[in-house]
There are 2 protein chains.
Amino acid sequence: MATIKDIAKKVGVNPSTVSRVINGTASISEETTKKIMAAMKELDYHPNILARGLVNGNTFTIGLVIDAGNNAAYANTFFIKSVTAIENVTQRLGYNLLITNHGEREKGNAVKNLVLEHKIDGIILPVSGITDDLIRLLRENQFPFVIMGEPDQSYTGKNWVDMDNEGGGRLAVRHLLECGYRHPALFVESMKNTFEQKRTRGFMKELEKNKIPAAKNDIIEVGDDIALKIKELLNHRSETDSIICTNNIVAYHVLQALKQNKVSIPEEMGIITFDNYPLAEYLDPPLTAVDIDTYLLGEQVANSLFDMIKQKGRKEESAFIETKIIKRKSTEKR
Amino acid sequence: MATIKDIAKKVGVNPSTVSRVINGTASISEETTKKIMAAMKELDYHPNILARGLVNGNTFTIGLVIDAGNNAAYANTFFIKSVTAIENVTQRLGYNLLITNHGEREKGNAVKNLVLEHKIDGIILPVSGITDDLIRLLRENQFPFVIMGEPDQSYTGKNWVDMDNEGGGRLAVRHLLECGYRHPALFVESMKNTFEQKRTRGFMKELEKNKIPAAKNDIIEVGDDIALKIKELLNHRSETDSIICTNNIVAYHVLQALKQNKVSIPEEMGIITFDNYPLAEYLDPPLTAVDIDTYLLGEQVANSLFDMIKQKGRKEESAFIETKIIKRKSTEKR
DNA sequence: AAAAATAATGCAAACGTTTGCATTTCTTTT
DNA sequence: AAAAGAAATGCAAACGTTTGCATTATTTTT
């Protein structure tokens, strides 16, 4: 494989000259430039990234940590689209993307090693993957990193990007009202998930804003028997005319239960779900969804990281990615 | 960041000695070994991979090319599980995984560069991503690579791993027969897909083996109106008592159509689908699926690649990953 | 106790770049 | 035409490792 020296020899010039035309880092006569270019083409020269990295301390690679323990992250289209976006940005800028999960056994050492062994120039972490230890390491080394998802209060940095779950909650309510529904209820899988808490908060705020009295039992945490919960809902609060589900699977079960109770959708009851997972589209009727533009999220995250890489010590600023409605049959009340 | 020289200085020894204890490449007295180890720990030493790679020509990174154009690959759990598997194997062996899509614009240059710029030691390619050009490059450089999916006849190499689609077709039929069904039909999305061709071939072979006369119209290529196709099937060939669908979405529609025709499942009609996509589990009834152990596929691919990396010029051998049945309600005829 | 063999370590070059400084060549100014 | 300035290029060190060869220290053999 041709090296810079081979080119230099062929053209009869010093390796440094070759380096300079490659990097455009000094004025080289047009003539030699041409000759060197030609030689590079002829010998099919490609720079050795390792050598380059060794001297100027960068690898043109960024890391992306994935949370393999978290099955949802995987199953979810969410994740995949984000990765695609990140990869696209990365490639556009001439970088490569290195993927790793944070190695259960070694307690995050996989990530630590990537940083310390100079394999990457920056890293994207899922909020589930941050530990005080890791953060300290990164900060100490002034190592560029961005977090996907909003960390809890204890984290003071602003280098994160999340989707706007609360906004999504509000949007869902607003959409239902616009469609002519008057009294939405909310089905939550588990309040343990912070994203569900946030969606719930948005739900409540938007109800309040529209002066709709929100009763405690308009918010239902799903247990084993969704069918039962539905029945209760139908009996106790007959004014409920629409349901928001914080995830697809819940929505699926709600749909089944409603059908069993012979409730017509979307006429008697509207349904809207979070996460535009393929499932939503194929149900009967197809479900309107609060979509989270995860491609945008990934893009934003990547851009944010590259900003940090290009100019270290830059002011950090967190961001929320807006949600949007994918309108389908399940909320077409008319 | 501490280097080998720092360690050497601290212990009062030559850098080469430090290198040797790190690599266990020569006999070093127990005493100095201990001192060096201690110093390494104290200074939190981590080898600089770039420097190491520069001298001994490897990066401890492998590449994985994904076919981002191919949405299916993404949406599919298929892909994700394989990646997880590959990542796990990779990490276990102390390597890292670099992901790239093969850059539409630059016509595969992304991959070419990875190889030529010494960013990786080996690469995994989707069969959709191979071109004669690329293959030639890899072969010329004796660069280790493995293909995911069976290439067509024109490819003479044996360095590929695929799932056993034909076997899956056979398995589906066999399962139905075991459940007591007598005459399966097959719903195919499009015969353009080679994996569907293979599944179809398996279907036919197994029918033949069981002396079941396979009529042309036992194999239905899905058009716009599955409901209609179903109706036709029910009318024309009343002996059909079970349906195999080569993918989930088709299965979903078949299910809907059958319900509309008030055909009871699994009693009057059994259904079995390919690809254990989450959807299958949540349908009513939950669908029996021919599962493709994509985790295993990924593992196999990765192992195969690492074999090649460790011992270049080793004999290549392609492999099929077996399928298996995930039994659910939709084939419980009794 | 000297010679031979072995174990432990040091020295210096090499991997392929980049880059500060020095030198040469060319162009402009006086 | 000499001096000054700018442009083009060369030299050599540096980045952090590894490794063949040389050297020294230690042990074993005679």
# chains A, B, ... in the order shown; residues from 1 in each chain; ligands from 1
$ select_by_dssp --residues "range 89-145 of chain B" --states "helix (DSSP H, G or I)" --output "ChimeraX atom specification"
/B:89-92,109-116,127-129,132-140
$ residues_around --residues "Asn14 in chain B" --least-positions-apart "6" --cutoff "10 Å" --atoms "only C-alpha atoms (C1' of nucleotides)" --output "JSON, numbers by chain"
{"B": [4, 5, 7, 8], "C": [9, 10, 11]}
$ write_last_selection --atoms "N, CA and C atoms (P, O5', C5', C4', C3', O3' and C1' of nucleotides)" --output "PDB file, in the first residue's frame"
ATOM      1  N   ILE B   4       3.802   4.953  27.819  1.00  0.00           N
ATOM      2  CA  ILE B   4       4.714   3.902  28.209  1.00  0.00           C
ATOM      3  C   ILE B   4       6.040   4.490  28.722  1.00  0.00           C
ATOM      4  N   LYS B   5       6.367   5.620  28.167  1.00  0.00           N
ATOM      5  CA  LYS B   5       7.609   6.272  28.590  1.00  0.00           C
ATOM      6  C   LYS B   5       7.523   6.776  30.025  1.00  0.00           C
ATOM      7  N   ILE B   7       5.780   5.546  32.368  1.00  0.00           N
ATOM      8  CA  ILE B   7       5.901   4.375  33.232  1.00  0.00           C
ATOM      9  C   ILE B   7       7.369   4.007  33.366  1.00  0.00           C
ATOM     10  N   ALA B   8       8.016   3.923  32.223  1.00  0.00           N
ATOM     11  CA  ALA B   8       9.427   3.526  32.190  1.00  0.00           C
ATOM     12  C   ALA B   8      10.264   4.438  33.077  1.00  0.00           C
TER      13      ALA B   8
ATOM     14  P    DT C   9      14.461  -7.401  34.504  1.00  0.00           P
ATOM     15  O5'  DT C   9      15.080  -6.577  33.307  1.00  0.00           O
ATOM     16  C5'  DT C   9      16.211  -5.772  33.577  1.00  0.00           C
ATOM     17  C4'  DT C   9      16.810  -5.320  32.291  1.00  0.00           C
ATOM     18  C3'  DT C   9      16.091  -4.160  31.630  1.00  0.00           C
ATOM     19  O3'  DT C   9      16.776  -2.979  31.990  1.00  0.00           O
ATOM     20  C1'  DT C   9      17.088  -5.689  30.104  1.00  0.00           C
ATOM     21  P    DG C  10      16.246  -1.562  31.535  1.00  0.00           P
ATOM     22  O5'  DG C  10      17.237  -1.245  30.332  1.00  0.00           O
ATOM     23  C5'  DG C  10      18.646  -1.369  30.540  1.00  0.00           C
ATOM     24  C4'  DG C  10      19.371  -1.145  29.226  1.00  0.00           C
ATOM     25  C3'  DG C  10      18.913   0.100  28.465  1.00  0.00           C
ATOM     26  O3'  DG C  10      20.072   0.745  27.954  1.00  0.00           O
ATOM     27  C1'  DG C  10      18.698  -1.802  27.083  1.00  0.00           C
ATOM     28  P    DC C  11      19.952   2.234  27.424  1.00  0.00           P
ATOM     29  O5'  DC C  11      20.371   2.112  25.893  1.00  0.00           O
ATOM     30  C5'  DC C  11      21.017   0.944  25.423  1.00  0.00           C
ATOM     31  C4'  DC C  11      21.083   0.968  23.905  1.00  0.00           C
ATOM     32  C3'  DC C  11      20.636   2.250  23.223  1.00  0.00           C
ATOM     33  O3'  DC C  11      21.507   2.476  22.140  1.00  0.00           O
ATOM     34  C1'  DC C  11      19.290   0.447  22.481  1.00  0.00           C
TER      35       DC C  11
END
$ closest_atom_pairs --of "chain B" --to "chain C" --cutoff "12 Å" --atoms "only C-alpha atoms (C1' of nucleotides)" --output "tab-separated table"
residue	atom	partner	partner_atom	distance
B:Ala8	CA	C:DG10	C1'	11.9
B:Gly12	CA	C:DT9	C1'	11.5
B:Val13	CA	C:DT9	C1'	8.2
B:Asn14	CA	C:DG10	C1'	6.4
B:Pro15	CA	C:DG10	C1'	9.2
B:Ser16	CA	C:DG10	C1'	8.1
B:Thr17	CA	C:DT9	C1'	6.9
B:Val18	CA	C:DT9	C1'	10.5
B:Ser19	CA	C:DT9	C1'	12.0
B:Arg20	CA	C:DT9	C1'	10.4
B:Val21	CA	C:DT9	C1'	11.8
B:Ala26	CA	C:DA8	C1'	9.1
B:Ser27	CA	C:DA8	C1'	7.0
B:Ile28	CA	C:DA8	C1'	5.9
B:Ser29	CA	C:DA8	C1'	6.5
B:Glu30	CA	C:DA8	C1'	10.2
B:Glu31	CA	C:DA8	C1'	10.9
B:Thr32	CA	C:DA8	C1'	9.7
B:Thr33	CA	C:DA8	C1'	11.1
B:Leu50	CA	C:DC15	C1'	10.6
B:Ala51	CA	C:DC15	C1'	8.4
B:Arg52	CA	C:DC15	C1'	9.0
B:Gly53	CA	C:DC15	C1'	8.6
B:Leu54	CA	C:DC15	C1'	5.1
B:Val55	CA	C:DC15	C1'	4.3
B:Asn56	CA	C:DC15	C1'	7.6
B:Gly57	CA	C:DC15	C1'	8.1
B:Asn58	CA	C:DC15	C1'	11.3
B:Glu117	CA	C:DG16	C1'	11.3
B:His118	CA	C:DG16	C1'	11.3
$ closest_residue --among "B:Glu87, B:Gly63, B:Ile271, B:Lys81" --to "Thr100 in chain B" --atoms "only C-alpha atoms"
B:Gly63
$ select_by_dssp --residues "range 80-216 of chain B" --states "strand (DSSP E)" --output "PyMOL selection string"
chain B and resi 96-101+122-126+145-148+160-163+184-188
$ write_last_selection --atoms "N, CA and C atoms" --output "short mmCIF file (atom, residue, chain, number, x, y, z; two decimals), in the first residue's frame"
data_model
loop_
_atom_site.label_atom_id
_atom_site.label_comp_id
_atom_site.auth_asym_id
_atom_site.auth_seq_id
_atom_site.Cartn_x
_atom_site.Cartn_y
_atom_site.Cartn_z
N ASN B 96 -13.51 -3.57 18.61
CA ASN B 96 -14.63 -2.65 18.56
C ASN B 96 -15.32 -2.76 17.22
N LEU B 97 -16.53 -2.25 17.19
CA LEU B 97 -17.35 -2.38 16.00
C LEU B 97 -17.64 -1.02 15.39
N LEU B 98 -17.29 -0.89 14.14
CA LEU B 98 -17.51 0.36 13.44
C LEU B 98 -18.63 0.14 12.43
N ILE B 99 -19.59 1.02 12.47
CA ILE B 99 -20.76 0.84 11.60
C ILE B 99 -20.80 1.90 10.51
N THR B 100 -21.15 1.49 9.35
CA THR B 100 -21.27 2.45 8.27
C THR B 100 -22.32 1.98 7.28
N ASN B 101 -22.95 2.90 6.61
CA ASN B 101 -23.74 2.46 5.49
C ASN B 101 -22.94 2.79 4.24
N GLY B 122 -11.19 -6.00 9.46
CA GLY B 122 -12.03 -6.96 8.76
C GLY B 122 -13.41 -6.34 8.62
N ILE B 123 -14.25 -6.94 7.77
CA ILE B 123 -15.53 -6.28 7.55
C ILE B 123 -16.65 -7.28 7.27
N ILE B 124 -17.82 -6.89 7.72
CA ILE B 124 -19.02 -7.68 7.46
C ILE B 124 -19.90 -6.91 6.50
N LEU B 125 -20.28 -7.56 5.44
CA LEU B 125 -21.07 -6.89 4.41
C LEU B 125 -22.42 -7.56 4.22
N PRO B 126 -23.47 -6.78 4.02
CA PRO B 126 -24.74 -7.39 3.65
C PRO B 126 -24.64 -7.78 2.19
N PHE B 145 -13.21 -10.65 5.11
CA PHE B 145 -14.60 -10.18 5.08
C PHE B 145 -15.57 -11.35 5.02
N VAL B 146 -16.75 -11.09 5.55
CA VAL B 146 -17.81 -12.10 5.55
C VAL B 146 -19.08 -11.44 5.07
N ILE B 147 -19.85 -12.17 4.31
CA ILE B 147 -21.09 -11.65 3.75
C ILE B 147 -22.29 -12.19 4.52
N MET B 148 -23.21 -11.30 4.85
CA MET B 148 -24.44 -11.72 5.50
C MET B 148 -25.49 -11.94 4.42
N TRP B 160 -19.74 -16.68 3.42
CA TRP B 160 -21.02 -16.06 3.74
C TRP B 160 -21.83 -16.93 4.70
N VAL B 161 -22.75 -16.27 5.36
CA VAL B 161 -23.65 -16.95 6.28
C VAL B 161 -25.05 -16.44 5.98
N ASP B 162 -25.98 -17.34 5.92
CA ASP B 162 -27.35 -16.92 5.67
C ASP B 162 -28.28 -17.75 6.54
N MET B 163 -29.51 -17.29 6.65
CA MET B 163 -30.45 -18.15 7.35
C MET B 163 -31.03 -19.13 6.36
N PRO B 184 -51.84 -27.01 3.39
CA PRO B 184 -51.42 -25.62 3.55
C PRO B 184 -51.35 -24.88 2.22
N ALA B 185 -51.64 -23.58 2.30
CA ALA B 185 -51.39 -22.69 1.16
C ALA B 185 -50.32 -21.70 1.58
N LEU B 186 -49.76 -21.01 0.58
CA LEU B 186 -48.66 -20.09 0.89
C LEU B 186 -48.96 -18.70 0.36
N PHE B 187 -48.83 -17.70 1.22
CA PHE B 187 -48.99 -16.31 0.80
C PHE B 187 -47.64 -15.64 0.75
N VAL B 188 -47.32 -15.14 -0.42
CA VAL B 188 -46.02 -14.53 -0.63
C VAL B 188 -46.20 -13.06 -0.95
#
$ closest_residue --among "A:Thr59, A:Asn109, A:Ser128, A:Gln153" --to "Gly94 in chain B" --atoms "only C-alpha atoms"
A:Asn109
$ closest_residue --among "B:Asn48, B:Thr156, B:Asn23, B:Asn248" --to "chain D" --atoms "only C-alpha atoms (C1' of nucleotides)"
B:Asn48
$ closest_residue --among "B:Ile272, B:Ile86, B:Cys245, B:Leu171" --to "chain A" --atoms "only C-alpha atoms"
B:Ile86
$ interface_residues --of "chain D" --to "chain B" --cutoff "12 Å" --atoms "only C-alpha atoms (C1' of nucleotides)" --output "compact mmCIF listing (two decimals) with C-alpha atoms (C1' of nucleotides), in the first residue's frame"
# COMPACT_ATOMS: atom_id res chain seq x y z
C1' DC D 15 3.50 11.17 18.21
C1' DG D 16 3.52 6.15 21.37
C1' DT D 17 4.27 1.79 20.42
C1' DT D 18 6.85 -2.73 19.16
C1' DT D 19 10.79 -5.59 18.16
C1' DG D 20 15.38 -7.44 16.40
C1' DA D 25 23.59 -9.99 34.85
C1' DT D 26 22.64 -14.38 36.58
$ closest_residue --among "B:Glu332, B:Glu232, B:Asp133, B:Glu140" --to "chain A" --atoms "only C-alpha atoms"
B:Glu140
$ residues_around --residues "range 237-244 of chain B" --least-positions-apart "6" --cutoff "9 Å" --atoms "only C-alpha atoms (C1' of nucleotides)" --output "PyMOL selection string"
chain B and resi 169+172-173+176+181-188+203+217-218+251+254+266-274+331
$ write_last_selection --atoms "N, CA and C atoms" --output "PDB file, in the first residue's frame"
ATOM      1  N   GLY B 169     -39.183 -22.824   5.106  1.00  0.00           N
ATOM      2  CA  GLY B 169     -40.390 -23.188   4.367  1.00  0.00           C
ATOM      3  C   GLY B 169     -40.814 -24.607   4.684  1.00  0.00           C
ATOM      4  N   ALA B 172     -42.184 -24.915   8.274  1.00  0.00           N
ATOM      5  CA  ALA B 172     -43.543 -24.393   8.416  1.00  0.00           C
ATOM      6  C   ALA B 172     -44.554 -25.461   8.016  1.00  0.00           C
ATOM      7  N   VAL B 173     -44.318 -26.073   6.874  1.00  0.00           N
ATOM      8  CA  VAL B 173     -45.223 -27.117   6.410  1.00  0.00           C
ATOM      9  C   VAL B 173     -45.258 -28.273   7.411  1.00  0.00           C
ATOM     10  N   LEU B 176     -47.300 -27.517  10.454  1.00  0.00           N
ATOM     11  CA  LEU B 176     -48.739 -27.539  10.214  1.00  0.00           C
ATOM     12  C   LEU B 176     -49.246 -28.977  10.155  1.00  0.00           C
ATOM     13  N   TYR B 181     -53.137 -30.249  10.423  1.00  0.00           N
ATOM     14  CA  TYR B 181     -53.652 -29.664   9.180  1.00  0.00           C
ATOM     15  C   TYR B 181     -53.218 -30.549   8.022  1.00  0.00           C
ATOM     16  N   ARG B 182     -53.982 -30.464   6.933  1.00  0.00           N
ATOM     17  CA  ARG B 182     -53.713 -31.384   5.835  1.00  0.00           C
ATOM     18  C   ARG B 182     -53.284 -30.707   4.540  1.00  0.00           C
ATOM     19  N   HIS B 183     -53.688 -29.434   4.415  1.00  0.00           N
ATOM     20  CA  HIS B 183     -53.425 -28.825   3.125  1.00  0.00           C
ATOM     21  C   HIS B 183     -53.096 -27.330   3.206  1.00  0.00           C
ATOM     22  N   PRO B 184     -51.841 -27.014   3.394  1.00  0.00           N
ATOM     23  CA  PRO B 184     -51.417 -25.618   3.547  1.00  0.00           C
ATOM     24  C   PRO B 184     -51.348 -24.880   2.220  1.00  0.00           C
ATOM     25  N   ALA B 185     -51.637 -23.578   2.298  1.00  0.00           N
ATOM     26  CA  ALA B 185     -51.391 -22.691   1.159  1.00  0.00           C
ATOM     27  C   ALA B 185     -50.316 -21.697   1.582  1.00  0.00           C
ATOM     28  N   LEU B 186     -49.757 -21.015   0.576  1.00  0.00           N
ATOM     29  CA  LEU B 186     -48.662 -20.094   0.887  1.00  0.00           C
ATOM     30  C   LEU B 186     -48.962 -18.700   0.358  1.00  0.00           C
ATOM     31  N   PHE B 187     -48.829 -17.703   1.222  1.00  0.00           N
ATOM     32  CA  PHE B 187     -48.990 -16.311   0.797  1.00  0.00           C
ATOM     33  C   PHE B 187     -47.636 -15.638   0.751  1.00  0.00           C
ATOM     34  N   VAL B 188     -47.324 -15.140  -0.418  1.00  0.00           N
ATOM     35  CA  VAL B 188     -46.021 -14.533  -0.631  1.00  0.00           C
ATOM     36  C   VAL B 188     -46.205 -13.055  -0.953  1.00  0.00           C
ATOM     37  N   PHE B 203     -41.376 -24.822   0.854  1.00  0.00           N
ATOM     38  CA  PHE B 203     -42.799 -25.158   0.959  1.00  0.00           C
ATOM     39  C   PHE B 203     -43.151 -26.282  -0.006  1.00  0.00           C
ATOM     40  N   ASN B 217     -52.236 -22.739  -7.643  1.00  0.00           N
ATOM     41  CA  ASN B 217     -52.890 -21.706  -6.839  1.00  0.00           C
ATOM     42  C   ASN B 217     -52.891 -21.985  -5.331  1.00  0.00           C
ATOM     43  N   ASP B 218     -52.027 -22.856  -4.922  1.00  0.00           N
ATOM     44  CA  ASP B 218     -51.772 -22.951  -3.492  1.00  0.00           C
ATOM     45  C   ASP B 218     -50.746 -21.905  -3.092  1.00  0.00           C
ATOM     46  N   ALA B 251     -49.303 -11.628   6.944  1.00  0.00           N
ATOM     47  CA  ALA B 251     -50.043 -12.441   7.912  1.00  0.00           C
ATOM     48  C   ALA B 251     -51.130 -11.611   8.582  1.00  0.00           C
ATOM     49  N   VAL B 254     -53.969 -11.200   6.165  1.00  0.00           N
ATOM     50  CA  VAL B 254     -54.659 -12.482   5.994  1.00  0.00           C
ATOM     51  C   VAL B 254     -55.594 -12.718   7.175  1.00  0.00           C
ATOM     52  N   PRO B 266     -57.744 -21.072  15.404  1.00  0.00           N
ATOM     53  CA  PRO B 266     -57.068 -21.981  14.476  1.00  0.00           C
ATOM     54  C   PRO B 266     -57.911 -23.166  14.015  1.00  0.00           C
ATOM     55  N   GLU B 267     -59.186 -23.211  14.439  1.00  0.00           N
ATOM     56  CA  GLU B 267     -59.955 -24.416  14.160  1.00  0.00           C
ATOM     57  C   GLU B 267     -60.132 -24.692  12.659  1.00  0.00           C
ATOM     58  N   GLU B 268     -60.737 -23.755  11.983  1.00  0.00           N
ATOM     59  CA  GLU B 268     -60.979 -24.000  10.563  1.00  0.00           C
ATOM     60  C   GLU B 268     -59.756 -23.719   9.707  1.00  0.00           C
ATOM     61  N   MET B 269     -58.959 -22.782  10.188  1.00  0.00           N
ATOM     62  CA  MET B 269     -57.793 -22.395   9.408  1.00  0.00           C
ATOM     63  C   MET B 269     -56.607 -22.090  10.325  1.00  0.00           C
ATOM     64  N   GLY B 270     -55.508 -22.748  10.043  1.00  0.00           N
ATOM     65  CA  GLY B 270     -54.306 -22.449  10.823  1.00  0.00           C
ATOM     66  C   GLY B 270     -53.484 -21.379  10.128  1.00  0.00           C
ATOM     67  N   ILE B 271     -52.787 -20.610  10.895  1.00  0.00           N
ATOM     68  CA  ILE B 271     -51.912 -19.601  10.288  1.00  0.00           C
ATOM     69  C   ILE B 271     -50.519 -19.688  10.901  1.00  0.00           C
ATOM     70  N   ILE B 272     -49.537 -19.571  10.048  1.00  0.00           N
ATOM     71  CA  ILE B 272     -48.176 -19.524  10.535  1.00  0.00           C
ATOM     72  C   ILE B 272     -47.443 -18.475   9.705  1.00  0.00           C
ATOM     73  N   THR B 273     -46.640 -17.697  10.368  1.00  0.00           N
ATOM     74  CA  THR B 273     -45.966 -16.617   9.661  1.00  0.00           C
ATOM     75  C   THR B 273     -44.452 -16.718   9.797  1.00  0.00           C
ATOM     76  N   PHE B 274     -43.787 -16.066   8.916  1.00  0.00           N
ATOM     77  CA  PHE B 274     -42.331 -15.977   9.039  1.00  0.00           C
ATOM     78  C   PHE B 274     -41.961 -14.731   9.828  1.00  0.00           C
ATOM     79  N   THR B 331     -51.973 -22.055  15.502  1.00  0.00           N
ATOM     80  CA  THR B 331     -51.889 -23.373  14.868  1.00  0.00           C
ATOM     81  C   THR B 331     -52.331 -24.484  15.817  1.00  0.00           C
TER      82      THR B 331
END
$ closest_residue --among "B:Lys329, B:His46, B:Arg92, B:Lys324" --to "chain A" --atoms "only C-alpha atoms"
B:His46
$ residues_around --residues "Glu221 in chain A" --least-positions-apart "5" --cutoff "12 Å" --atoms "only C-alpha atoms (C1' of nucleotides)" --output "ChimeraX atom specification"
/A:185-193,196-197,200,216,226,229-230,233,244-247,250
$ write_last_selection --atoms "N, CA and C atoms" --output "tab-separated table (two decimals), in the first residue's frame"
chain	number	residue	atom	x	y	z
A	185	ALA	N	-58.96	10.48	28.33
A	185	ALA	CA	-58.34	9.80	29.48
A	185	ALA	C	-56.95	9.34	29.04
A	186	LEU	N	-56.14	8.98	30.00
A	186	LEU	CA	-54.76	8.61	29.68
A	186	LEU	C	-54.43	7.23	30.23
A	187	PHE	N	-53.91	6.39	29.36
A	187	PHE	CA	-53.46	5.06	29.81
A	187	PHE	C	-51.94	5.02	29.81
A	188	VAL	N	-51.41	4.72	30.97
A	188	VAL	CA	-49.96	4.73	31.15
A	188	VAL	C	-49.50	3.32	31.49
A	189	GLU	N	-48.39	2.93	30.97
A	189	GLU	CA	-47.92	1.58	31.30
A	189	GLU	C	-47.38	1.55	32.72
A	190	SER	N	-46.42	2.40	33.00
A	190	SER	CA	-45.92	2.45	34.36
A	190	SER	C	-45.35	3.81	34.68
A	191	MET	N	-45.77	4.35	35.79
A	191	MET	CA	-45.33	5.68	36.18
A	191	MET	C	-43.85	5.68	36.59
A	192	LYS	N	-43.28	4.53	36.61
A	192	LYS	CA	-41.86	4.47	36.93
A	192	LYS	C	-41.02	5.08	35.81
A	193	ASN	N	-41.51	4.96	34.60
A	193	ASN	CA	-40.76	5.52	33.47
A	193	ASN	C	-40.86	7.03	33.45
A	196	GLU	N	-42.94	8.53	30.73
A	196	GLU	CA	-44.40	8.45	30.92
A	196	GLU	C	-44.85	9.52	31.92
A	197	GLN	N	-44.04	9.79	32.90
A	197	GLN	CA	-44.36	10.87	33.83
A	197	GLN	C	-44.49	12.18	33.06
A	200	THR	N	-47.52	12.37	30.97
A	200	THR	CA	-48.66	12.59	31.85
A	200	THR	C	-48.75	14.05	32.25
A	216	LYS	N	-58.65	12.26	39.03
A	216	LYS	CA	-57.58	11.30	39.28
A	216	LYS	C	-57.72	10.09	38.38
A	226	ILE	N	-56.06	-5.04	31.32
A	226	ILE	CA	-56.49	-3.80	30.70
A	226	ILE	C	-57.99	-3.82	30.43
A	229	LYS	N	-59.84	-2.61	33.30
A	229	LYS	CA	-59.65	-1.15	33.46
A	229	LYS	C	-60.56	-0.38	32.51
A	230	ILE	N	-60.63	-0.90	31.33
A	230	ILE	CA	-61.49	-0.26	30.33
A	230	ILE	C	-62.95	-0.28	30.79
A	233	LEU	N	-63.58	2.12	33.39
A	233	LEU	CA	-63.59	3.47	32.82
A	233	LEU	C	-64.94	3.77	32.19
A	244	ILE	N	-55.79	8.35	25.40
A	244	ILE	CA	-54.41	8.51	24.96
A	244	ILE	C	-53.59	7.39	25.60
A	245	CYS	N	-52.81	6.70	24.79
A	245	CYS	CA	-51.99	5.62	25.35
A	245	CYS	C	-50.51	6.00	25.22
A	246	THR	N	-49.79	5.79	26.26
A	246	THR	CA	-48.40	6.23	26.22
A	246	THR	C	-47.49	5.25	25.49
A	247	ASN	N	-48.03	4.12	25.12
A	247	ASN	CA	-47.26	3.31	24.18
A	247	ASN	C	-48.13	2.39	23.36
A	250	VAL	N	-49.85	-0.93	24.86
A	250	VAL	CA	-51.01	-0.55	25.65
A	250	VAL	C	-52.16	-0.20	24.70
$ atom_distance --atom1 "CA of Met37 in chain A" --atom2 "CA of Leu137 in chain B"
21.5 Å
$ atom_distance --atom1 "CA of Asp164 in chain B" --atom2 "CA of Gly180 in chain B"
24.5 Å
$ atom_distance --atom1 "CA of Thr323 in chain B" --atom2 "CA of Gly167 in chain B"
7.0 Å
